[in-house]
>>> print(open('work_5.txt').read())   # compact mmCIF, C-alpha atoms
# COMPACT_ATOMS: atom_id res chain seq x y z
CA MET A 1 -2.36 -29.25 12.99
CA GLU A 2 -3.87 -26.53 15.11
CA PRO A 3 -2.97 -22.89 14.48
CA SER A 4 -1.80 -20.66 17.30
CA ARG A 5 -4.66 -20.12 19.72
CA ARG A 6 -3.74 -16.54 20.42
CA LEU A 7 -3.94 -15.35 16.84
CA THR A 8 -6.88 -16.60 14.81
CA CYS A 9 -6.96 -16.78 11.02
CA GLN A 10 -9.47 -13.94 10.97
CA ALA A 11 -7.28 -11.80 13.21
CA LEU A 12 -4.25 -12.54 11.06
CA THR A 13 -5.97 -11.18 7.96
CA GLU A 14 -6.37 -7.91 9.85
CA LYS A 15 -2.71 -7.76 10.80
CA VAL A 16 -1.08 -8.33 7.43
CA THR A 17 -0.56 -4.64 6.71
CA ASP A 18 0.64 -3.90 10.24
CA TYR A 19 3.14 -6.72 9.81
CA HIS A 20 4.29 -5.39 6.48
CA GLU A 21 4.56 -1.86 7.85
CA GLY A 22 6.65 -3.02 10.78
CA ARG A 23 3.96 -2.07 13.27
CA LEU A 24 3.78 -5.32 15.22
CA SER A 25 5.60 -5.81 18.46
CA LEU A 26 8.17 -8.58 18.71
CA MET A 27 5.65 -10.91 20.36
CA GLN A 28 2.99 -10.09 17.80
CA ARG A 29 5.43 -10.83 15.00
CA LEU A 30 6.35 -14.13 16.54
CA GLU A 31 2.69 -15.05 16.85
CA PHE A 32 2.20 -14.03 13.25
CA HIS A 33 5.06 -16.23 12.04
CA LEU A 34 4.06 -19.15 14.20
CA HIS A 35 0.50 -18.97 12.98
CA LEU A 36 1.69 -19.00 9.38
CA ALA A 37 3.94 -21.95 10.13
CA MET A 38 0.88 -23.90 11.25
CA CYS A 39 -1.78 -22.68 8.87
CA PRO A 40 -1.61 -23.42 5.14
CA HIS A 41 -4.73 -21.37 4.45
CA CYS A 42 -3.23 -18.23 5.91
CA ARG A 43 -0.05 -18.88 3.95
CA VAL A 44 -2.14 -18.85 0.79
CA TYR A 45 -3.83 -15.65 1.93
CA VAL A 46 -0.52 -13.91 2.62
CA ARG A 47 0.88 -15.18 -0.67
CA GLN A 48 -2.11 -13.70 -2.48
CA MET A 49 -1.61 -10.39 -0.74
CA LYS A 50 2.03 -10.41 -1.81
CA LEU A 51 1.03 -11.12 -5.42
CA THR A 52 -1.50 -8.29 -5.26
CA LEU A 53 1.19 -5.85 -4.09
CA GLU A 54 3.67 -6.99 -6.70
CA SER A 55 1.06 -6.66 -9.42
CA LEU A 56 0.23 -3.15 -8.24
CA ALA A 57 3.92 -2.22 -8.34
CA ALA A 58 4.07 -3.45 -11.92
CA LEU A 59 1.19 -1.14 -12.92
CA ALA A 60 3.66 1.75 -12.77
CA ASP A 61 5.29 0.37 -15.91
CA GLU A 62 2.06 -0.46 -17.70
CA ILE A 63 0.74 1.75 -20.46
CA ASP A 64 -2.73 2.92 -19.47
CA MET B 1 5.55 -27.43 22.36
CA LEU B 2 3.99 -25.30 19.69
CA LEU B 3 7.28 -23.87 18.44
CA LEU B 4 8.87 -27.25 17.84
CA SER B 5 5.83 -28.91 16.37
CA GLY B 6 5.63 -26.56 13.41
CA PRO B 7 6.32 -28.44 10.20
CA ARG B 8 7.38 -25.40 8.21
CA LEU B 9 8.37 -21.85 8.97
CA ALA B 10 9.43 -18.80 7.06
CA SER B 11 13.06 -18.39 6.12
CA SER B 12 14.86 -15.69 8.02
CA ARG B 13 15.13 -12.30 6.28
CA GLY B 14 12.39 -12.50 3.69
CA GLY B 15 9.89 -13.38 6.40
CA LEU B 16 6.48 -14.48 5.26
CA TRP B 17 6.99 -13.21 1.75
CA ASN B 18 9.34 -16.03 0.90
CA GLU B 19 8.30 -19.49 -0.13
CA TRP B 20 7.58 -21.81 2.75
CA THR B 21 10.26 -24.32 2.11
CA LEU B 22 11.96 -24.97 5.43
CA SER B 23 10.84 -28.02 7.26
CA SER B 24 13.25 -28.94 10.00
CA GLN B 25 12.88 -27.91 13.61
CA ARG B 26 16.32 -26.33 13.44
CA SER B 27 15.20 -24.12 10.56
CA ALA B 28 12.08 -23.15 12.46
CA LEU B 29 14.10 -22.10 15.47
CA ARG B 30 16.55 -20.18 13.31
CA ALA B 31 13.72 -18.29 11.65
CA VAL B 32 12.13 -17.33 14.95
CA CYS B 33 15.50 -16.19 16.26
CA ALA B 34 15.99 -14.10 13.15
CA VAL B 35 12.70 -12.32 13.80
CA MET B 36 13.82 -11.60 17.31
CA MET B 37 17.21 -10.34 16.14
CA ASP B 38 15.99 -8.35 13.18
CA PRO B 39 12.99 -6.19 14.01
CA PHE B 40 13.27 -4.31 10.71
CA GLU B 41 12.82 -7.18 8.36
CA THR B 42 9.95 -5.82 6.31
CA ARG B 43 10.93 -3.88 3.22
CA ARG B 44 8.80 -0.84 3.93
CA VAL B 45 9.84 -0.09 7.47
CA ARG B 46 11.14 3.43 7.76
CA ALA B 47 14.51 3.75 9.36
CA ASP B 48 13.23 6.49 11.65
CA GLY B 49 10.16 4.51 12.75
CA ASP B 50 7.53 6.41 14.67
CA ALA B 51 9.67 9.39 15.34
CA SER B 52 9.03 11.24 12.13
CA VAL B 53 5.50 10.03 11.48
CA ALA B 54 2.84 12.49 12.46
CA THR B 55 0.04 11.23 14.68
CA SER B 56 -2.45 13.70 13.32
CA HIS B 57 -2.60 16.23 10.58
CA ALA B 58 -2.64 19.05 13.10
CA GLU B 59 0.54 17.76 14.65
CA SER B 60 2.23 16.91 11.39
CA THR B 61 5.56 18.40 10.66
CA VAL B 62 7.36 18.56 7.36
CA THR B 63 10.09 15.96 7.58
CA THR B 64 11.21 15.70 3.97
CA ARG B 65 13.42 18.15 2.13
CA THR B 66 14.15 18.86 -1.47
CA ALA B 67 16.16 15.89 -2.73
CA PRO B 68 19.69 16.70 -3.90
CA ASP B 69 18.89 15.71 -7.48
CA GLU B 70 15.92 18.06 -7.39
CA GLN B 71 17.91 21.07 -6.26
CA GLY B 72 19.52 21.70 -9.62
CA LEU B 73 16.23 21.15 -11.39
CA LEU B 74 14.53 23.58 -9.02
CA GLU B 75 17.09 26.27 -9.70
CA ARG B 76 16.61 25.85 -13.44
CA LEU B 77 12.84 25.95 -13.01
CA ARG B 78 13.06 29.19 -11.05
CA ALA B 79 15.24 30.62 -13.78
CA GLY B 80 12.45 29.89 -16.25
CA ASP B 81 14.25 27.05 -18.03
CA GLU B 82 11.63 25.42 -20.28
CA ALA B 83 13.64 22.23 -20.69
CA ALA B 84 13.66 21.84 -16.91
CA PHE B 85 9.88 22.10 -16.83
CA THR B 86 9.62 19.48 -19.58
CA THR B 87 11.85 17.19 -17.51
CA LEU B 88 9.62 17.74 -14.49
CA VAL B 89 6.47 16.97 -16.47
CA GLU B 90 7.95 13.85 -18.03
CA ARG B 91 9.08 12.65 -14.62
CA HIS B 92 5.73 12.96 -12.86
CA ASP B 93 2.94 13.29 -15.41
CA ARG B 94 1.87 9.65 -15.55
CA ALA B 95 1.97 9.25 -11.79
CA LEU B 96 -0.14 12.38 -11.37
CA LEU B 97 -2.65 11.05 -13.88
CA ARG B 98 -2.88 7.76 -11.99
CA LEU B 99 -3.51 9.58 -8.73
CA ALA B 100 -6.07 11.96 -10.26
CA ARG B 101 -7.90 9.00 -11.77
CA VAL B 102 -8.88 7.60 -8.37
CA PHE B 103 -10.70 10.82 -7.48
CA VAL B 104 -12.54 11.68 -10.70
CA PRO B 105 -14.94 9.66 -12.85
CA ASN B 106 -12.98 9.34 -16.06
CA ARG B 107 -9.63 9.80 -17.72
CA SER B 108 -10.44 13.02 -19.57
CA VAL B 109 -11.37 14.78 -16.31
CA ALA B 110 -8.22 13.38 -14.74
CA GLU B 111 -6.16 14.84 -17.60
CA GLU B 112 -7.79 18.23 -17.01
CA VAL B 113 -6.90 18.05 -13.32
CA VAL B 114 -3.29 17.21 -14.18
CA GLN B 115 -3.06 20.12 -16.62
CA ASP B 116 -4.55 22.49 -14.02
CA THR B 117 -2.00 21.18 -11.55
CA TRP B 118 0.93 21.98 -13.85
CA LEU B 119 -0.38 25.49 -14.34
CA ALA B 120 -0.71 25.89 -10.59
CA VAL B 121 2.84 24.58 -10.15
CA ILE B 122 4.19 27.19 -12.58
CA HIS B 123 2.35 29.98 -10.73
CA ALA B 124 3.31 28.79 -7.27
CA LEU B 125 6.91 27.83 -7.96
CA PRO B 126 8.37 31.19 -6.88
CA ARG B 127 6.74 30.64 -3.47
CA PHE B 128 7.95 27.03 -3.08
CA GLU B 129 10.10 27.02 0.06
CA GLY B 130 11.60 23.55 -0.23
CA ARG B 131 10.23 22.43 3.13
CA SER B 132 8.96 19.29 1.39
CA SER B 133 10.36 17.61 -1.68
CA LEU B 134 9.30 19.11 -4.97
CA LYS B 135 7.58 15.85 -5.83
CA THR B 136 5.57 15.80 -2.59
CA TRP B 137 4.60 19.42 -3.11
CA ILE B 138 3.36 18.77 -6.66
CA PHE B 139 1.44 15.67 -5.64
CA ARG B 140 -0.19 17.61 -2.84
CA ILE B 141 -1.36 20.31 -5.25
CA LEU B 142 -2.75 17.60 -7.51
CA SER B 143 -4.52 15.74 -4.74
CA ASN B 144 -6.21 18.88 -3.42
CA ARG B 145 -7.44 19.75 -6.89
CA ALA B 146 -8.51 16.20 -7.68
CA LYS B 147 -10.40 15.86 -4.38
CA THR B 148 -12.35 19.04 -5.05
CA ARG B 149 -13.04 18.05 -8.63
CA GLY B 150 -14.07 14.53 -7.58
CA VAL B 151 -16.66 15.88 -5.16
CA ARG B 152 -17.97 18.29 -7.79
CA GLU B 153 -18.21 15.50 -10.37
CA GLY B 154 -20.03 13.26 -7.91
CA ARG B 155 -17.28 10.62 -7.92
CA SER B 156 -16.72 10.92 -4.19
CA VAL B 157 -18.02 12.25 -0.95
CA PRO B 158 -15.65 14.67 0.77
CA PHE B 159 -12.34 12.91 1.35
CA THR B 160 -12.43 13.26 5.11
CA ALA B 161 -15.64 11.24 5.27
CA TRP B 162 -13.73 8.18 4.02
CA ALA B 163 -10.74 8.67 6.24
CA GLY B 164 -12.70 8.55 9.45
CA PRO B 165 -12.99 5.82 12.04
CA ASN B 166 -15.71 3.93 10.14
CA ALA B 167 -13.08 2.51 7.83
CA GLU B 168 -11.65 0.59 10.77
CA HIS B 169 -14.77 -1.54 10.99
CA GLU B 170 -14.56 -2.79 7.42
CA PRO B 171 -13.25 -6.34 7.62
CA ALA B 172 -10.36 -7.37 5.37
CA VAL B 173 -12.21 -10.61 4.57
CA ASP B 174 -15.94 -11.32 4.62
CA PRO B 175 -16.63 -12.60 8.18
CA SER B 176 -18.87 -15.34 6.79
CA ARG B 177 -15.72 -17.06 5.51
CA PHE B 178 -14.64 -17.79 9.08
CA ARG B 179 -15.99 -20.12 11.71
CA GLN B 180 -16.97 -18.81 15.10
CA ASP B 181 -13.52 -19.64 16.47
CA GLY B 182 -11.86 -17.46 13.84
CA THR B 183 -10.51 -20.29 11.67
CA TRP B 184 -11.19 -20.42 7.95
CA ALA B 185 -14.50 -21.97 6.89
CA ALA B 186 -14.01 -20.98 3.25
CA PRO B 187 -10.26 -20.60 2.88
CA PRO B 188 -8.62 -18.92 -0.10
CA ARG B 189 -7.54 -21.24 -2.89
CA ARG B 190 -4.10 -21.07 -4.40
CA TRP B 191 -4.17 -19.05 -7.60
CA GLU B 192 -3.13 -20.72 -10.81
CA SER B 193 -1.03 -17.64 -11.58
CA ASP B 194 1.08 -17.89 -8.47
CA THR B 195 3.98 -15.67 -9.47
CA PRO B 196 3.91 -11.96 -10.36
CA GLU B 197 5.18 -12.78 -13.84
CA LYS B 198 2.39 -15.27 -14.50
CA LEU B 199 -0.20 -12.98 -12.97
CA LEU B 200 0.85 -10.06 -15.13
CA MET B 201 0.54 -12.25 -18.22
CA HIS B 202 -3.19 -12.39 -17.45
CA LYS B 203 -4.20 -9.21 -19.20
CA ARG B 204 -7.76 -9.50 -17.96
CA ALA B 205 -6.59 -9.82 -14.38
CA VAL B 206 -4.38 -6.75 -14.72
CA ALA B 207 -7.24 -4.81 -16.33
CA ARG B 208 -9.52 -5.90 -13.50
CA LEU B 209 -6.96 -4.79 -10.94
CA ARG B 210 -6.64 -1.39 -12.56
CA SER B 211 -10.39 -0.84 -12.75
CA ALA B 212 -10.81 -2.06 -9.16
CA LEU B 213 -8.40 0.62 -8.09
CA THR B 214 -10.71 3.32 -9.43
CA GLU B 215 -13.71 1.63 -7.79
CA LEU B 216 -12.22 1.88 -4.31
CA PRO B 217 -13.28 4.77 -2.10
CA PRO B 218 -10.99 7.57 -3.33
CA SER B 219 -9.08 7.82 -0.07
CA GLN B 220 -8.21 4.10 -0.20
CA GLY B 221 -7.42 4.27 -3.91
CA ALA B 222 -5.18 7.29 -3.39
CA VAL B 223 -3.23 5.69 -0.54
CA VAL B 224 -2.77 2.41 -2.42
CA THR B 225 -1.76 4.25 -5.60
CA LEU B 226 0.87 6.31 -3.82
CA ARG B 227 2.21 3.53 -1.62
CA ASP B 228 2.03 0.46 -3.85
CA ILE B 229 2.28 1.84 -7.38
CA GLU B 230 4.37 4.97 -6.89
CA GLN B 231 6.26 3.38 -3.98
CA LEU B 232 6.20 6.48 -1.77
CA ASP B 233 6.75 6.02 1.92
CA ALA B 234 4.09 6.45 4.57
CA ALA B 235 5.26 9.88 5.72
CA GLU B 236 5.16 11.27 2.18
CA VAL B 237 1.66 9.89 1.63
CA CYS B 238 0.44 11.37 4.91
CA GLU B 239 1.78 14.74 3.84
CA ILE B 240 0.33 14.61 0.33
CA LEU B 241 -3.13 13.43 1.39
CA GLU B 242 -3.18 15.25 4.73
CA LEU B 243 -3.80 12.09 6.69
CA SER B 244 -2.64 10.91 10.08
CA GLU B 245 -0.27 7.94 9.98
CA ALA B 246 -2.92 5.72 11.61
CA ASN B 247 -5.56 6.66 9.06
CA GLN B 248 -3.12 6.14 6.23
CA ARG B 249 -2.42 2.62 7.46
CA VAL B 250 -6.10 1.75 7.88
CA LEU B 251 -6.89 3.00 4.38
CA LEU B 252 -3.92 1.10 2.95
CA HIS B 253 -5.06 -2.09 4.65
CA ARG B 254 -8.66 -1.80 3.48
CA GLY B 255 -7.64 -0.89 -0.05
CA ARG B 256 -5.13 -3.73 -0.39
CA SER B 257 -7.57 -6.22 1.11
CA LYS B 258 -10.26 -5.30 -1.40
CA LEU B 259 -7.86 -5.54 -4.31
CA ARG B 260 -6.75 -9.00 -3.18
CA GLN B 261 -10.39 -9.98 -2.99
CA THR B 262 -10.98 -8.63 -6.50
CA LEU B 263 -8.19 -10.80 -7.88
CA GLU B 264 -9.46 -13.76 -5.88
CA GLU B 265 -12.92 -13.38 -7.38
CA HIS B 266 -11.38 -13.02 -10.82
CA PHE B 267 -9.33 -16.21 -10.54
CA ASP B 268 -12.03 -18.22 -8.77
CA GLY B 269 -14.51 -17.26 -11.47
CA ALA B 270 -12.07 -17.83 -14.33
>>> encode(input="work_5.txt", output="structure tokens")
Amino acid sequence: MEPSRRLTCQALTEKVTDYHEGRLSLMQRLEFHLHLAMCPHCRVYVRQMKLTLESLAALADEID
Amino acid sequence: MLLLSGPRLASSRGGLWNEWTLSSQRSALRAVCAVMMDPFETRRVRADGDASVATSHAESTVTTRTAPDEQGLLERLRAGDEAAFTTLVERHDRALLRLARVFVPNRSVAEEVVQDTWLAVIHALPRFEGRSSLKTWIFRILSNRAKTRGVREGRSVPFTAWAGPNAEHEPAVDPSRFRQDGTWAAPPRRWESDTPEKLLMHKRAVARLRSALTELPPSQGAVVTLRDIEQLDAAEVCEILELSEANQRVLLHRGRSKLRQTLEEHFDGA
């Protein structure tokens, strides 16, 4: 299964924060979603980024 | 057609953050339509979008105001109510310590910076005009003091040096992990601890994450701390750290990317 040609895996890793911050245009967001639909590796990457953010959020409750 | 050939696609509102469980073409179409219909699907998007976000520090305007729940506290503080000051300290002390820690080399120096900040707050309170929230104002005092102290202690180069355009050229992922066509050559492997609950059970991973935060360039560590731990919004962080919105976003991206990499190295080496 071939990922979207317009957005490479490498380019997607640079757009994760822009996506999360709502900074992508409609077309860019569609490309982002379509790429993820096709690419299991990028899904793992995005999942890891999500886990990283959730773990950071939990640090607020941790005793230093 | 690319759209219809996709085997799986994100569910509608949760976007990419949700599990990838939908498999039918109908689900795929529905998800894409949802993206088109709902441009504000991500949880951090500000309702006022670009309009209130400064494009540079020079152009920045104060967009926040003293929160209603802070108004009463502020009045008591101005009246010299000690209990009100204790409330204020209890509310923000730990967060201030976390922010100070990214600028200075150790916890004891960070504690000194926080104490200095509280003294400065007491002295400056009569001049506080309420053009920003009390919290933002206090964090800004802290960050200015911590930056100066960090430079003096040798923890960091001047903050502005890290916030410059060079940061944009730092890749989120080592380029050697990609082929020439931009596809993964060395893709990330699924972590064994694939839920936040499981991950947080790994005390060593959490400890590694916390130490990695203090190893980031201070500007990145400060932005990540304020956005992802303290859950402040972008405009507040720009105001506290005196950053443009674009710089804030670049620093956030670089910082988050490095922390993901740290956890990846931890789990791959475990």
>>> residues_around(input="work_5.txt", residues="His41 (chain A)", least_positions_apart="4", cutoff="9 Å", atoms="all atoms listed in the file", output="number ranges by chain")
A: 9, 36, 45-46; B: 184, 187-190
>>> residues_around(input="work_5.txt", residues="Asn106 (chain B)", least_positions_apart="4", cutoff="12 Å", atoms="all atoms listed in the file", output="list of chain:residue names")
B:Leu97, B:Arg98, B:Leu99, B:Ala100, B:Arg101, B:Val102, B:Ala110, B:Glu111, B:Glu112, B:Val113, B:Ala146, B:Arg149, B:Gly150, B:Glu153, B:Gly154, B:Arg155, B:Ser211, B:Thr214, B:Glu215
>>> atom_distance(input="work_5.txt", atom1="CA of Leu199 (chain B)", atom2="CA of Arg43 (chain A)")
17.9 Å
>>> interface_residues(input="work_5.txt", of="chain A", to="chain B", cutoff="7 Å", atoms="only C-alpha atoms", output="ChimeraX atom specification")
/A:8-10,13-14,17,20-22,26,30,37-38,41,44-45,47-57,59-60
>>> atom_distance(input="work_5.txt", atom1="CA of Phe85 (chain B)", atom2="CA of Val109 (chain B)")
22.5 Å
>>> atom_distance(input="work_5.txt", atom1="CA of Asp81 (chain B)", atom2="CA of Arg145 (chain B)")
25.5 Å
>>> residues_near_point(input="work_5.txt", point="(8.7, 17.8, -6.0)", cutoff="12 Å", atoms="only C-alpha atoms", output="ChimeraX atom specification")
/B:64-71,73-74,77,85,87-89,91-93,96,118,121,125,128-142,236,240
>>> decode(input="work_5.txt", residues="region 1-29 of chain A", atoms="N, CA and C atoms", output="tab-separated table (two decimals), in the first residue's frame")
chain	number	residue	atom	x	y	z
A	1	MET	N	0.85	-1.19	0.00
A	1	MET	CA	0.00	0.00	0.00
A	1	MET	C	0.89	1.24	0.00
A	2	GLU	N	0.70	2.08	-0.95
A	2	GLU	CA	1.59	3.23	-1.10
A	2	GLU	C	1.01	4.47	-0.40
A	3	PRO	N	1.81	5.12	0.43
A	3	PRO	CA	1.29	6.34	1.08
A	3	PRO	C	1.04	7.45	0.06
A	4	SER	N	0.34	8.47	0.50
A	4	SER	CA	0.09	9.61	-0.36
A	4	SER	C	1.40	10.14	-0.93
A	5	ARG	N	1.41	10.43	-2.21
A	5	ARG	CA	2.65	10.90	-2.83
A	5	ARG	C	2.96	12.34	-2.45
A	6	ARG	N	1.93	13.08	-2.12
A	6	ARG	CA	2.16	14.51	-1.87
A	6	ARG	C	2.76	14.75	-0.50
A	7	LEU	N	2.47	13.91	0.44
A	7	LEU	CA	3.00	14.08	1.79
A	7	LEU	C	3.83	12.85	2.13
A	8	THR	N	5.12	13.03	2.27
A	8	THR	CA	5.98	11.88	2.60
A	8	THR	C	5.94	11.63	4.10
A	9	CYS	N	6.45	10.48	4.49
A	9	CYS	CA	6.52	10.14	5.92
A	9	CYS	C	7.39	11.19	6.64
A	10	GLN	N	8.50	11.54	6.02
A	10	GLN	CA	9.39	12.51	6.65
A	10	GLN	C	8.69	13.86	6.82
A	11	ALA	N	7.97	14.26	5.79
A	11	ALA	CA	7.25	15.55	5.87
A	11	ALA	C	6.15	15.49	6.93
A	12	LEU	N	5.53	14.32	7.05
A	12	LEU	CA	4.45	14.20	8.05
A	12	LEU	C	5.00	14.41	9.47
A	13	THR	N	6.18	13.87	9.72
A	13	THR	CA	6.74	14.03	11.08
A	13	THR	C	7.00	15.49	11.41
A	14	GLU	N	7.14	16.31	10.37
A	14	GLU	CA	7.35	17.74	10.61
A	14	GLU	C	6.03	18.51	10.72
A	15	LYS	N	4.94	17.83	10.44
A	15	LYS	CA	3.65	18.54	10.46
A	15	LYS	C	2.76	18.15	11.64
A	16	VAL	N	3.25	17.25	12.47
A	16	VAL	CA	2.41	16.75	13.56
A	16	VAL	C	1.96	17.87	14.49
A	17	THR	N	2.88	18.75	14.85
A	17	THR	CA	2.51	19.84	15.77
A	17	THR	C	1.58	20.83	15.08
A	18	ASP	N	1.86	21.15	13.83
A	18	ASP	CA	0.97	22.06	13.09
A	18	ASP	C	-0.43	21.48	13.02
A	19	TYR	N	-0.51	20.16	12.82
A	19	TYR	CA	-1.82	19.51	12.80
A	19	TYR	C	-2.51	19.68	14.16
A	20	HIS	N	-1.77	19.38	15.19
A	20	HIS	CA	-2.32	19.41	16.54
A	20	HIS	C	-2.71	20.83	16.95
A	21	GLU	N	-2.00	21.80	16.42
A	21	GLU	CA	-2.27	23.20	16.75
A	21	GLU	C	-3.32	23.82	15.84
A	22	GLY	N	-3.84	23.01	14.93
A	22	GLY	CA	-4.87	23.52	14.03
A	22	GLY	C	-4.32	24.49	13.00
A	23	ARG	N	-3.07	24.29	12.60
A	23	ARG	CA	-2.42	25.22	11.69
A	23	ARG	C	-2.39	24.73	10.24
A	24	LEU	N	-2.95	23.57	9.99
A	24	LEU	CA	-2.96	23.07	8.61
A	24	LEU	C	-4.22	23.52	7.90
A	25	SER	N	-4.07	23.77	6.62
A	25	SER	CA	-5.24	24.11	5.81
A	25	SER	C	-6.11	22.86	5.66
A	26	LEU	N	-7.29	23.03	5.15
A	26	LEU	CA	-8.18	21.89	4.94
A	26	LEU	C	-7.51	20.83	4.08
A	27	MET	N	-6.89	21.25	2.98
A	27	MET	CA	-6.26	20.28	2.09
A	27	MET	C	-5.09	19.59	2.77
A	28	GLN	N	-4.33	20.36	3.54
A	28	GLN	CA	-3.19	19.76	4.24
A	28	GLN	C	-3.67	18.73	5.27
A	29	ARG	N	-4.78	19.04	5.91
A	29	ARG	CA	-5.32	18.11	6.90
A	29	ARG	C	-5.82	16.83	6.23
